[in-house]
Structures are given as C-alpha cells and as structure tokens.
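K.L.:
Pasting a structure below so you can have a look.
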Amino acid sequence: MLEVLCLVADTARTLLGFDFCGVLIPDAHRERLLVQGWSGLSEEYVRRVNSDRPIRLDSRSPSSRSFHQGEPVAIRDVRIEPDFALWAGVAQDQGYRAIVAVPLIAGTEVLGTLNGYYTSVHTFTRHE
C-alpha cells in the first residue's frame with residue numbers, strides 16, 4: 001500500500017505544483033492520522049510526525065479538521081497559526097510555510113487527507 005500512496009502523493013505534487021505532498025490515513029484505532037505516502041518529504045519528517053508529533057484526530061490540526069469536516073483546510077503561514085504550534089518545529093526543519101489538507105472521499109466516507117505543502121507563504125485560492 002505504501003507504494004500506491006506514495007504514487008498518489010507524487011502525482012498530486014507534480015500535477016498541482018506542491019513542493020511536498022503527503023497522504024495521511026487514520027491508524028487502526030482511528031485516534032490519529034499517519035503519513036502513509038509522501039513525495040518530497042524527508043523520511044525523518046515522516047518519522048517525527050508519525051511518532052514524536054502525532055496528528056491526533058481530536059486535535060485542531062489542518063489534517064484533522066479536514067478529515068472531520070470533509071472540506072479543505074488551508075494555512076497561509078504555519079509560523080503564525082496557533083493551532084499549528086505542535087508541528088512548527090518539524091515544519092521548519094522540513095522547510096515549508098504553507099499547507100492545505102484536502103479530504104480523500106470515497107462515497108460518503110472520508111478515508112484520509114492529501115496534504116500539499118509550499119516552502120513559501122502562500123494564499124490558497126478557491127480553485128486550488
């Protein structure tokens with residue numbers, strides 16, 4: 001499954017022009033989202049997010065909000081977003097400033113999120 005999710009991330013990164021891209025899906029207990037596919041992200045970043053800085057489904061992270069709301073959640077500058085404070089260090093280490101989390105939906109079920117990251121501050125348009 002890792003290969004397929006990495007292919008999804010790589011395709012989205014190429015087609016949409018993200019600097020980095022990740023596919024996040026819930027763990028077996030549906031307590032947190034795990035980065036299970038990625039393109040451009042370092043293995044260290046993925047490891048840290050999945051272990052040291054987990055994206056809990058009960059958090060206010062963009063990924064959790066997108067997962068629960070079934071709608072995209074964008075942050076123009078992660079350095080000034082209070083709800084992103086837990087991940088600010090890993091974001092800085094990876095080198096991104098903007099993020100959009102988009103729900104991956106099949107039928108009526110949200111399966112996870114596709115996250116796109118930009119190295120610079122970015123104002124996301126409705127089209128994006």
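The way I read the labels, and the way they are meant: chains A, B, ... in the order of the structure tokens, residue 1 as the first residue of every chain, and ligand 1 as the first ligand shown, with later ones counted on from there.
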Can you tell me which residues surround Phe84 in chain A at a distance of at most 10 Å, considering only C-alpha atoms, apart from same-chain residues fewer than 5 positions away, and format the answer as a list in words?
P.N.:
Ser59, Arg60, Ser61, Pro62, Ile75, Asp77, Val78, Arg79, Gly89 and Ala91 of chain A
K.L.:
With N, CA, C and O atoms retained, export the selected residues as a short mmCIF file (atom, residue, chain, number, x, y, z; two decimals), in the first residue's frame.
P.N.:
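part_10.cif was written with the following content:
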```
data_model
loop_
_atom_site.label_atom_id
_atom_site.label_comp_id
_atom_site.auth_asym_id
_atom_site.auth_seq_id
_atom_site.Cartn_x
_atom_site.Cartn_y
_atom_site.Cartn_z
N SER A 59 -7.44 16.69 17.50
CA SER A 59 -6.69 17.95 17.55
C SER A 59 -7.30 18.98 16.61
O SER A 59 -8.25 18.70 15.88
N ARG A 60 -6.72 20.18 16.61
CA ARG A 60 -7.15 21.26 15.72
C ARG A 60 -6.21 21.39 14.52
O ARG A 60 -6.17 22.41 13.86
N SER A 61 -5.48 20.34 14.22
CA SER A 61 -4.57 20.38 13.07
C SER A 61 -5.38 20.53 11.79
O SER A 61 -6.55 20.15 11.73
N PRO A 62 -4.76 21.08 10.73
CA PRO A 62 -5.48 21.21 9.46
C PRO A 62 -5.94 19.84 8.94
O PRO A 62 -7.05 19.71 8.41
N ILE A 75 -3.68 26.73 5.43
CA ILE A 75 -2.99 27.68 6.31
C ILE A 75 -1.95 28.40 5.47
O ILE A 75 -1.05 27.77 4.89
N ASP A 77 0.37 30.62 6.44
CA ASP A 77 1.70 30.67 7.06
C ASP A 77 1.65 29.91 8.39
O ASP A 77 1.09 30.40 9.37
N VAL A 78 2.24 28.73 8.40
CA VAL A 78 2.18 27.88 9.60
C VAL A 78 2.91 28.50 10.79
O VAL A 78 2.62 28.16 11.93
N ARG A 79 3.81 29.42 10.53
CA ARG A 79 4.58 30.03 11.63
C ARG A 79 3.73 30.94 12.51
O ARG A 79 4.10 31.22 13.65
N GLY A 89 8.05 23.14 14.65
CA GLY A 89 9.45 22.74 14.57
C GLY A 89 9.73 21.80 13.42
O GLY A 89 10.69 22.00 12.66
N ALA A 91 7.88 21.46 10.78
CA ALA A 91 7.62 22.21 9.55
C ALA A 91 8.84 23.04 9.16
O ALA A 91 9.23 23.08 8.00
#
```
K.L.:
Report as a PDB file with N, CA, C and O atoms, in the first residue's frame: the residues of chain A with a DSSP assignment of strand (DSSP E), based on the backbone of this structure.
P.N.:
```pdb
ATOM      1  N   PHE A  20       6.053  19.762  -1.542  1.00  0.00           N
ATOM      2  CA  PHE A  20       5.998  18.474  -0.861  1.00  0.00           C
ATOM      3  C   PHE A  20       4.539  18.030  -0.845  1.00  0.00           C
ATOM      4  O   PHE A  20       3.634  18.860  -0.922  1.00  0.00           O
ATOM      5  N   CYS A  21       4.323  16.739  -0.676  1.00  0.00           N
ATOM      6  CA  CYS A  21       2.964  16.236  -0.608  1.00  0.00           C
ATOM      7  C   CYS A  21       2.937  14.990   0.269  1.00  0.00           C
ATOM      8  O   CYS A  21       3.895  14.223   0.294  1.00  0.00           O
ATOM      9  N   GLY A  22       1.828  14.808   0.997  1.00  0.00           N
ATOM     10  CA  GLY A  22       1.671  13.631   1.837  1.00  0.00           C
ATOM     11  C   GLY A  22       0.252  13.110   1.803  1.00  0.00           C
ATOM     12  O   GLY A  22      -0.694  13.876   1.606  1.00  0.00           O
ATOM     13  N   VAL A  23       0.114  11.806   1.988  1.00  0.00           N
ATOM     14  CA  VAL A  23      -1.192  11.168   2.119  1.00  0.00           C
ATOM     15  C   VAL A  23      -1.275  10.639   3.544  1.00  0.00           C
ATOM     16  O   VAL A  23      -0.421   9.865   3.974  1.00  0.00           O
ATOM     17  N   LEU A  24      -2.295  11.094   4.264  1.00  0.00           N
ATOM     18  CA  LEU A  24      -2.468  10.706   5.660  1.00  0.00           C
ATOM     19  C   LEU A  24      -3.736   9.886   5.805  1.00  0.00           C
ATOM     20  O   LEU A  24      -4.780  10.262   5.254  1.00  0.00           O
ATOM     21  N   ILE A  25      -3.630   8.766   6.527  1.00  0.00           N
ATOM     22  CA  ILE A  25      -4.799   7.928   6.775  1.00  0.00           C
ATOM     23  C   ILE A  25      -4.861   7.601   8.265  1.00  0.00           C
ATOM     24  O   ILE A  25      -3.838   7.605   8.957  1.00  0.00           O
ATOM     25  N   PRO A  26      -6.058   7.305   8.773  1.00  0.00           N
ATOM     26  CA  PRO A  26      -6.191   7.014  10.201  1.00  0.00           C
ATOM     27  C   PRO A  26      -5.482   5.715  10.581  1.00  0.00           C
ATOM     28  O   PRO A  26      -5.416   4.780   9.776  1.00  0.00           O
ATOM     29  N   ARG A  32      -5.430   8.770  15.393  1.00  0.00           N
ATOM     30  CA  ARG A  32      -4.533   9.749  14.785  1.00  0.00           C
ATOM     31  C   ARG A  32      -4.376   9.463  13.299  1.00  0.00           C
ATOM     32  O   ARG A  32      -4.680   8.366  12.833  1.00  0.00           O
ATOM     33  N   LEU A  33      -3.914  10.481  12.594  1.00  0.00           N
ATOM     34  CA  LEU A  33      -3.617  10.340  11.173  1.00  0.00           C
ATOM     35  C   LEU A  33      -2.125  10.071  11.023  1.00  0.00           C
ATOM     36  O   LEU A  33      -1.303  10.712  11.689  1.00  0.00           O
ATOM     37  N   LEU A  34      -1.784   9.143  10.154  1.00  0.00           N
ATOM     38  CA  LEU A  34      -0.394   8.785   9.904  1.00  0.00           C
ATOM     39  C   LEU A  34      -0.029   9.129   8.467  1.00  0.00           C
ATOM     40  O   LEU A  34      -0.826   8.887   7.551  1.00  0.00           O
ATOM     41  N   VAL A  35       1.161   9.657   8.275  1.00  0.00           N
ATOM     42  CA  VAL A  35       1.667   9.884   6.925  1.00  0.00           C
ATOM     43  C   VAL A  35       2.029   8.507   6.377  1.00  0.00           C
ATOM     44  O   VAL A  35       2.949   7.857   6.871  1.00  0.00           O
ATOM     45  N   GLN A  36       1.279   8.051   5.375  1.00  0.00           N
ATOM     46  CA  GLN A  36       1.487   6.716   4.819  1.00  0.00           C
ATOM     47  C   GLN A  36       2.004   6.746   3.381  1.00  0.00           C
ATOM     48  O   GLN A  36       2.404   5.722   2.858  1.00  0.00           O
ATOM     49  N   GLY A  37       1.972   7.909   2.757  1.00  0.00           N
ATOM     50  CA  GLY A  37       2.533   8.090   1.426  1.00  0.00           C
ATOM     51  C   GLY A  37       3.058   9.512   1.340  1.00  0.00           C
ATOM     52  O   GLY A  37       2.486  10.409   1.949  1.00  0.00           O
ATOM     53  N   TRP A  38       4.167   9.714   0.626  1.00  0.00           N
ATOM     54  CA  TRP A  38       4.722  11.054   0.559  1.00  0.00           C
ATOM     55  C   TRP A  38       5.589  11.232  -0.676  1.00  0.00           C
ATOM     56  O   TRP A  38       6.042  10.271  -1.284  1.00  0.00           O
ATOM     57  N   SER A  39       5.776  12.504  -1.025  1.00  0.00           N
ATOM     58  CA  SER A  39       6.638  12.885  -2.132  1.00  0.00           C
ATOM     59  C   SER A  39       7.360  14.167  -1.738  1.00  0.00           C
ATOM     60  O   SER A  39       6.719  15.167  -1.406  1.00  0.00           O
ATOM     61  N   ILE A  55      -0.485  13.423  14.717  1.00  0.00           N
ATOM     62  CA  ILE A  55      -1.634  14.239  14.328  1.00  0.00           C
ATOM     63  C   ILE A  55      -2.877  13.525  14.862  1.00  0.00           C
ATOM     64  O   ILE A  55      -3.442  12.640  14.216  1.00  0.00           O
ATOM     65  N   ARG A  56      -3.254  13.900  16.050  1.00  0.00           N
ATOM     66  CA  ARG A  56      -4.398  13.267  16.697  1.00  0.00           C
ATOM     67  C   ARG A  56      -5.684  13.722  16.014  1.00  0.00           C
ATOM     68  O   ARG A  56      -5.825  14.883  15.646  1.00  0.00           O
ATOM     69  N   VAL A  73      -8.773  22.451   4.240  1.00  0.00           N
ATOM     70  CA  VAL A  73      -8.347  23.405   5.259  1.00  0.00           C
ATOM     71  C   VAL A  73      -6.956  23.887   4.863  1.00  0.00           C
ATOM     72  O   VAL A  73      -6.040  23.075   4.684  1.00  0.00           O
ATOM     73  N   ALA A  74      -6.813  25.197   4.696  1.00  0.00           N
ATOM     74  CA  ALA A  74      -5.543  25.779   4.257  1.00  0.00           C
ATOM     75  C   ALA A  74      -4.995  26.729   5.313  1.00  0.00           C
ATOM     76  O   ALA A  74      -5.749  27.433   5.983  1.00  0.00           O
ATOM     77  N   ILE A  75      -3.677  26.726   5.431  1.00  0.00           N
ATOM     78  CA  ILE A  75      -2.989  27.675   6.308  1.00  0.00           C
ATOM     79  C   ILE A  75      -1.946  28.398   5.471  1.00  0.00           C
ATOM     80  O   ILE A  75      -1.052  27.772   4.891  1.00  0.00           O
ATOM     81  N   ALA A  98       3.445  26.927   4.117  1.00  0.00           N
ATOM     82  CA  ALA A  98       2.005  26.872   3.840  1.00  0.00           C
ATOM     83  C   ALA A  98       1.577  25.427   3.648  1.00  0.00           C
ATOM     84  O   ALA A  98       2.351  24.593   3.168  1.00  0.00           O
ATOM     85  N   ILE A  99       0.339  25.139   4.047  1.00  0.00           N
ATOM     86  CA  ILE A  99      -0.197  23.780   3.927  1.00  0.00           C
ATOM     87  C   ILE A  99      -1.674  23.842   3.560  1.00  0.00           C
ATOM     88  O   ILE A  99      -2.387  24.747   3.994  1.00  0.00           O
ATOM     89  N   VAL A 100      -2.082  22.878   2.763  1.00  0.00           N
ATOM     90  CA  VAL A 100      -3.505  22.652   2.517  1.00  0.00           C
ATOM     91  C   VAL A 100      -3.752  21.163   2.730  1.00  0.00           C
ATOM     92  O   VAL A 100      -2.992  20.319   2.259  1.00  0.00           O
ATOM     93  N   ALA A 101      -4.794  20.853   3.504  1.00  0.00           N
ATOM     94  CA  ALA A 101      -5.214  19.474   3.727  1.00  0.00           C
ATOM     95  C   ALA A 101      -6.561  19.299   3.049  1.00  0.00           C
ATOM     96  O   ALA A 101      -7.498  20.054   3.314  1.00  0.00           O
ATOM     97  N   VAL A 102      -6.643  18.326   2.162  1.00  0.00           N
ATOM     98  CA  VAL A 102      -7.851  18.082   1.386  1.00  0.00           C
ATOM     99  C   VAL A 102      -8.352  16.675   1.712  1.00  0.00           C
ATOM    100  O   VAL A 102      -7.563  15.720   1.671  1.00  0.00           O
ATOM    101  N   PRO A 103      -9.643  16.531   2.039  1.00  0.00           N
ATOM    102  CA  PRO A 103     -10.130  15.192   2.372  1.00  0.00           C
ATOM    103  C   PRO A 103     -10.133  14.263   1.161  1.00  0.00           C
ATOM    104  O   PRO A 103     -10.428  14.689   0.049  1.00  0.00           O
ATOM    105  N   LEU A 104      -9.776  13.012   1.406  1.00  0.00           N
ATOM    106  CA  LEU A 104      -9.874  11.973   0.385  1.00  0.00           C
ATOM    107  C   LEU A 104     -11.188  11.236   0.651  1.00  0.00           C
ATOM    108  O   LEU A 104     -11.332  10.574   1.691  1.00  0.00           O
ATOM    109  N   ILE A 105     -12.143  11.390  -0.246  1.00  0.00           N
ATOM    110  CA  ILE A 105     -13.501  10.903  -0.020  1.00  0.00           C
ATOM    111  C   ILE A 105     -13.853   9.822  -1.032  1.00  0.00           C
ATOM    112  O   ILE A 105     -13.591   9.963  -2.224  1.00  0.00           O
ATOM    113  N   ALA A 106     -14.442   8.733  -0.509  1.00  0.00           N
ATOM    114  CA  ALA A 106     -14.992   7.670  -1.357  1.00  0.00           C
ATOM    115  C   ALA A 106     -16.445   7.481  -0.935  1.00  0.00           C
ATOM    116  O   ALA A 106     -16.711   7.111   0.213  1.00  0.00           O
ATOM    117  N   GLU A 109     -17.681   8.454   2.736  1.00  0.00           N
ATOM    118  CA  GLU A 109     -16.680   8.239   3.781  1.00  0.00           C
ATOM    119  C   GLU A 109     -15.380   8.985   3.483  1.00  0.00           C
ATOM    120  O   GLU A 109     -14.866   8.937   2.364  1.00  0.00           O
ATOM    121  N   VAL A 110     -14.855   9.678   4.495  1.00  0.00           N
ATOM    122  CA  VAL A 110     -13.542  10.309   4.377  1.00  0.00           C
ATOM    123  C   VAL A 110     -12.509   9.247   4.749  1.00  0.00           C
ATOM    124  O   VAL A 110     -12.520   8.714   5.862  1.00  0.00           O
ATOM    125  N   LEU A 111     -11.619   8.950   3.810  1.00  0.00           N
ATOM    126  CA  LEU A 111     -10.618   7.905   4.002  1.00  0.00           C
ATOM    127  C   LEU A 111      -9.323   8.437   4.592  1.00  0.00           C
ATOM    128  O   LEU A 111      -8.536   7.683   5.155  1.00  0.00           O
ATOM    129  N   GLY A 112      -9.069   9.732   4.429  1.00  0.00           N
ATOM    130  CA  GLY A 112      -7.828  10.348   4.887  1.00  0.00           C
ATOM    131  C   GLY A 112      -7.730  11.738   4.305  1.00  0.00           C
ATOM    132  O   GLY A 112      -8.738  12.326   3.903  1.00  0.00           O
ATOM    133  N   THR A 113      -6.511  12.258   4.255  1.00  0.00           N
ATOM    134  CA  THR A 113      -6.293  13.572   3.645  1.00  0.00           C
ATOM    135  C   THR A 113      -5.081  13.537   2.721  1.00  0.00           C
ATOM    136  O   THR A 113      -4.154  12.743   2.909  1.00  0.00           O
ATOM    137  N   LEU A 114      -5.123  14.405   1.738  1.00  0.00           N
ATOM    138  CA  LEU A 114      -3.982  14.674   0.877  1.00  0.00           C
ATOM    139  C   LEU A 114      -3.492  16.043   1.298  1.00  0.00           C
ATOM    140  O   LEU A 114      -4.251  17.017   1.254  1.00  0.00           O
ATOM    141  N   ASN A 115      -2.253  16.125   1.740  1.00  0.00           N
ATOM    142  CA  ASN A 115      -1.696  17.393   2.197  1.00  0.00           C
ATOM    143  C   ASN A 115      -0.669  17.901   1.200  1.00  0.00           C
ATOM    144  O   ASN A 115       0.235  17.156   0.807  1.00  0.00           O
ATOM    145  N   GLY A 116      -0.823  19.161   0.812  1.00  0.00           N
ATOM    146  CA  GLY A 116       0.137  19.812  -0.057  1.00  0.00           C
ATOM    147  C   GLY A 116       0.852  20.905   0.718  1.00  0.00           C
ATOM    148  O   GLY A 116       0.223  21.613   1.515  1.00  0.00           O
ATOM    149  N   TYR A 117       2.157  21.036   0.496  1.00  0.00           N
ATOM    150  CA  TYR A 117       2.983  21.986   1.247  1.00  0.00           C
ATOM    151  C   TYR A 117       3.786  22.860   0.284  1.00  0.00           C
ATOM    152  O   TYR A 117       4.284  22.377  -0.731  1.00  0.00           O
ATOM    153  N   TYR A 118       3.899  24.147   0.644  1.00  0.00           N
ATOM    154  CA  TYR A 118       4.735  25.084  -0.102  1.00  0.00           C
ATOM    155  C   TYR A 118       5.834  25.620   0.815  1.00  0.00           C
ATOM    156  O   TYR A 118       5.586  25.859   2.004  1.00  0.00           O
TER     157      TYR A 118
END
```
K.L.:
Would you list the contacts of Arg48 in chain A as a short mmCIF file (atom, residue, chain, number, x, y, z; two decimals) with N, CA and C atoms, in the first residue's frame, taking every protein, DNA or RNA residue within 8 Å and counting only C-alpha atoms, but skipping same-chain residues closer than 5 positions in sequence?
P.N.:
```cif
data_model
loop_
_atom_site.label_atom_id
_atom_site.label_comp_id
_atom_site.auth_asym_id
_atom_site.auth_seq_id
_atom_site.Cartn_x
_atom_site.Cartn_y
_atom_site.Cartn_z
N ARG A 53 5.36 13.75 16.95
CA ARG A 53 4.37 14.81 16.80
C ARG A 53 3.11 14.27 16.14
N PRO A 54 2.44 13.31 16.78
CA PRO A 54 1.29 12.68 16.12
C PRO A 54 0.16 13.65 15.83
N VAL A 90 8.88 20.79 13.25
CA VAL A 90 9.10 19.85 12.15
C VAL A 90 8.83 20.52 10.80
#
```
